Each structure stands twice: as structure tokens, then as C-alpha cells.
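Trainee: For reference, the structure I am asking about is given below.
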Amino acid sequence: MKIEERVVGGVTILDISGKITIGEGSIEIKNKVRELLAAGSKNILLNLGNVGMVDSSGIGELVSSFTTVTNAGGQLKLLKLTKKLKELLAITKLLTVFDSFTDEGEAVGSYS
Amino acid sequence: MVNKFLKNGLQEDFEISFGSHIQYLDLIQELALSITKLIGLEEDVSYWIGLSVRESVTNAIRHGNQQDETKKVGLRFKISPDRLMILVQDEGKGFDISSLPDPLDQDNLLKPSGRGIFYVRTFMDDVRFRNRPDGGFEVRMEKRLDNLKGEKDED
């Protein structure tokens, strides 16, 4: 898994590519998110458009990151969910938890 | 219909056994995908079967065998004309499946774990669990093939 970081309109966007699975990247996102919070960046957008495979550990990682950011007073949102990731989130009722977007501009503009 | 591998009524039984290494999960998932491709299942169905195998083997390695590398995971794919049956066995102490919390319960929605078996139950047609009399836990999952549309026939 690879994470690239950029900032657009005060929102830190993490462009994630590869797999979010147990043993591969399932803790990297959480670590990166903690690092951002420690540095004062609380508006975080995960761009998942280039994520090929996510298992239940990866879903747990997204949930855990969401909770960490929310508890710190920030907002974590999702961008460009693949069809399969959207299905995994939907059947576990997590689409009701996460704000997700298909358009980056709209996502960035949604942070208050 | 699925391809001629099944149209001709061919049956096959693949069985492997391996140590409890998380690093094997990609290989195991690829094996599952290769077998579903051999049968001729469409991409989406194959993907969810591969994920179900991955989740079951993850549980066998982590929760069943407690990542004890000397303990084996057994994996069997039994292909018959109307169904694909997959068995995952570990050498752990067994498990009471009824003790699993419901991941859809409002109190559990934000828990970081506890969704693997739920996904398996969602994507496979018939899933059964048992503590084997000779020890270890077993997941038996089936995908019915007679109502699936596959890739084009290879006549």
C-alpha cells in the first residue's frame, strides 16, 4: 500500500493505492492519521479510488481511523469509493457512518 | 451457464494444508480466484468467493491457530456440477459461533473488528460452522453454481 499526502483548501487528502488488508497496510492508515492529528491537521479526506482490495481488517482500519479523528474533534471523509468497497461498507451499514464523495471539489467544500 | 468444465459433469477436489502465516493470505485468495476462473464464474462472484476464503483463512490463522506457525490450516475446494464447496479447518481450541456479536447492531457499528464472518455469510449461499470431534474449528461454505451466469461457454 502507498499513501501520498497533499493539502487542498485546508483539507489533507491522502491518496491511497494498493491493498488495505491484514498484513499489508492495515495499520499504515491509522498511523498516518494519528501523525496528521498530532501535527494539527484535523480535516482529512481519504482518496480510495486506486485501492484494489480491502478485507474486513481494512474496513476495521477505516472505522478505527474515523473514530480517532472524530474523537479528536476532526472530520474524516472518503473519496472515490470503488464499487466493491462501497458494497462492503453498505452491507455493514457503514455508508451511514462515513460521508463519501465522488467529486474531490465537492468533498473539500463539505468541510466546515 | 458455467463453462464446459462443469457442463461435462467434471468434478474435482483440491486440498492443501499450510502453516499459520498471515503472509500466505494473498496466495490463498489467488488460489480461490484461479479455481473460480477455472469453473468460469463471473468476476464479481469470483471476487466475493475469494474474499470469503480469505476471511475464513484469516480467522483460522489468527483466532483458531493463534498464529502458531506449527499449526496447520486445511483448505479444500470441492467442485461438483451444481456447487462449489469450500472447507477451512484449523487446529485451534474451537469456538462458539453464537457468541459472535452482531456487527449491524448500533452499538457495534464502530468496532474495528467482527465483520469477517458476516461478510462470508453474506457472499456465500450456505455457511456452516462446527467444532470438529478430533479438535479444531471448521467452516464449510457453499456457492451454488446452477443459478449463476458465468463467462461465455467454451464450446
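FYI, nothing fancy with the C-alpha cells labels: chains A, B, ... in order, residues from 1 per chain, ligands from 1 as they appear.
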Using only C-alpha atoms, I'd like every residue of chain A that has an atom within 6 Å of chain B; please write them out as a VMD selection string.
Mentor: chain A and resid 56 60 63 to 64 92
Trainee: To one decimal place in Å, what is the distance between CA of Asp55 in chain A and CA of Pro81 in chain B?
Mentor: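 Rounded to one decimal, the two atoms are 29.1 Å apart.
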Trainee: Residues of chain B in strand (DSSP E) according to DSSP, as a short mmCIF file (atom, residue, chain, number, x, y, z; two decimals) with C-alpha atoms, in the first residue's frame?
Mentor:
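As a result, selection-v9.cif now contains:
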```
data_model
loop_
_atom_site.label_atom_id
_atom_site.label_comp_id
_atom_site.auth_asym_id
_atom_site.auth_seq_id
_atom_site.Cartn_x
_atom_site.Cartn_y
_atom_site.Cartn_z
CA GLU B 12 -12.63 -32.12 -8.80
CA ASP B 13 -11.32 -31.94 -5.30
CA PHE B 14 -8.36 -29.69 -4.41
CA GLU B 15 -6.90 -29.91 -0.95
CA ILE B 16 -3.92 -28.15 0.60
CA SER B 17 -2.51 -27.67 4.07
CA PHE B 18 -0.21 -24.88 5.19
CA GLY B 19 1.31 -23.27 8.29
CA LYS B 72 -1.81 -26.11 10.10
CA VAL B 73 -4.74 -24.70 8.22
CA GLY B 74 -6.51 -27.13 5.92
CA LEU B 75 -8.25 -25.79 2.83
CA ARG B 76 -10.35 -27.85 0.45
CA PHE B 77 -12.24 -26.89 -2.70
CA LYS B 78 -14.73 -29.44 -3.89
CA ILE B 79 -16.19 -28.70 -7.30
CA SER B 80 -19.29 -30.50 -8.44
CA ARG B 83 -21.95 -26.29 -6.34
CA LEU B 84 -18.53 -25.23 -5.11
CA MET B 85 -17.94 -26.38 -1.56
CA ILE B 86 -15.05 -24.91 0.43
CA LEU B 87 -13.82 -26.20 3.76
CA VAL B 88 -11.44 -24.31 6.06
CA GLN B 89 -10.13 -26.14 9.11
CA ASP B 126 -24.69 -21.77 2.72
CA VAL B 127 -22.22 -21.39 5.58
CA ARG B 128 -21.88 -23.82 8.46
CA PHE B 129 -19.54 -23.91 11.41
CA ARG B 130 -18.62 -26.73 13.71
CA ASN B 131 -16.10 -27.74 16.32
CA PHE B 137 -12.81 -25.49 14.08
CA GLU B 138 -14.29 -25.91 10.64
CA VAL B 139 -16.02 -23.52 8.28
CA ARG B 140 -17.95 -25.14 5.44
CA MET B 141 -19.23 -22.77 2.81
CA GLU B 142 -21.00 -23.40 -0.42
CA LYS B 143 -21.74 -21.45 -3.55
CA ARG B 144 -24.48 -22.85 -5.72
#
```
Trainee: Find the residues near Gly74 in chain A: any atom within 6 Å, counting only C-alpha atoms, skip ones fewer than 5 places away on the same chain, and give them as a PyMOL selection string.
Mentor: chain A and resi 42-43+69
Trainee: Taking the backbone alone, and naming residues the way the document does, which bits of chain A are alpha helix (DSSP H) by DSSP, as number ranges by chain?
Mentor: A: 28-38, 56-71, 83-91, 104-109
Trainee: Would you mind reading off the distance between CA of Ser56 in chain B and CA of Ile35 in chain B, one decimal, in Å?
Mentor: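 That distance, rounded to one decimal, is 16.6 Å.
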Trainee: Measuring between only C-alpha atoms, which one of A:Thr67, A:Ala72, A:Leu45, A:Arg6 shows the shortest distance to Ser100 in chain A?
Mentor: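 Result for the nearest residue to Ser100 in chain A: A:Leu45.
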Trainee: Which residue gives the smallest distance to His63 in chain B among B:Asp146, B:Gly92, B:Asp82, B:Gly50, with only C-alpha atoms counted?
Mentor: B:Gly92
Trainee: List as a PyMOL selection string the protein and nucleic acid residues near range 28-34 of chain A, meaning an atom at most 7 Å away when only C-alpha atoms are counted, but skip any in the same chain fewer than 3 places from it.
Mentor: chain A and resi 25+37-38+61+65
Trainee: I want to know what sits within 10 Å of Lys2 in chain A, based on only C-alpha atoms, with residues of the same chain fewer than 6 positions away left out; could you give that as a list in words?
Mentor: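 Selected residues are Leu14, Asp15, Ile16, Ser17, Gly18, Lys19, Ile20, Gly25, Glu28, Ile29, Asn50 and Val51 of chain A.
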Trainee: Report, in Å with one decimal, the straight-line distance from CA of Leu79 in chain A to CA of Glu104 in chain A.
Mentor: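 Separation of CA of Leu79 in chain A and CA of Glu104 in chain A: 6.8 Å.
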